[in-house]
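One structure is given below, encoded as C-alpha cells.
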Amino acid sequence: AAQIHADDRERQTIGTEVSFGSDKPILLSFGDYQIMLAGRIDRVDQIRIEYEIIDYKTGRPFSFRRDIKSKLQYYLYSLAWEKLHPDQKVSRASYYMLDGAGGIEQITIEMDSETRAEMYQKMIDLLGLISDPEKAFTPRFDLDEAKQEERYDSCPDYCPFKLLCQEVFG
C-alpha cells in the first residue's frame, strides 16, 4: 500500500498517525446535537490542491467493506481534519483493506456535497436514536430492577454508552 502511494508523483503525505482531540476533544455539531471527538487518522495526503484521508484496515478488513456507505469514520475524520485545518478541505477518503498476504483492496469515497449531506443526516438520525431512552441501546442490566447505586458497577469503563447512560438514566 505504501508503494502505491510512493509511485504517485503528484501525491505528498502530509501526516501519518495524526492524533486529534487527545488533549481537548474536537466539538462537532449535527443539528441540535453535539459530539466530542478524538481519534487518530492513519494518513493524510495532498494531491495537487486536494486532500485525502486514508485509513488502513487490517484484521478481517474485507468484512469491514460490507455496507461501506453506512460507515461514519471517514466522514468524522474528514470533519476533524477540516476543523484543525480550515484551509484544507478533504475531497476524498480511502480505505485500504490489507489482508496480510499482500492483498490490497482500495475503496474511495468522494467527499462531495451529496455524500456530506447524507452523512450529516445519518449523524443526526444516529444521535437522535441514542439520545432517546426509549429506543437507545441499553446496558446489560434491567433499569427497573437495578438499585440506583449499583446501576453502573457492571458496566465496563470502555463502554461508549456509559456516560450517556449515567446522564440519561441518572
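Residue names in the C-alpha cells use chain letters A, B, ... in the order shown, residue numbers from 1 in each chain, and ligand numbers from 1 in the order shown.
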Identify, on the basis of only C-alpha atoms, every residue whose closest approach to stretch 2-7 of chain A does not exceed 12 Å; exclude the query and any residue fewer than 4 positions from it along the same chain; express the result as a VMD selection string.
chain A and resid 11 to 13 16 42 to 47 52 54 56 96 98 102 104 to 106
Excluding stretch 24-31 of chain A and residues on its chain fewer than 6 positions from it, collect all residues at most 10 Å away from it, counting only C-alpha atoms, and give them as a VMD selection string.
chain A and resid 37 to 39 76 79 to 81 83 to 84 120 to 125 127 to 128
Between atom CA of A:Asp112 and atom CA of A:Arg92, measure the distance and give it in Å to one decimal.
7.9 Å
Residue list (helix (DSSP H, G or I), DSSP) for stretch 19-135 of chain A, as a ChimeraX atom specification
/A:61-64,68-70,73-84,113-130
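As for atom CA of A:Glu50 and atom CA of A:Ala93, they are spaced 11.1 Å apart.
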State, in Å with one decimal place, the distance from atom CA of A:Arg48 to atom CA of A:Gly21.
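If I compute the distance from atom CA of A:Arg48 to atom CA of A:Gly21, I get 27.4 Å.
Of the residues under consideration (A:Tyr51, A:Lys57, A:Glu118, A:Thr108), A:Tyr51 shows the shortest atom-to-atom contact distance to A:Lys89 when counting only C-alpha atoms.
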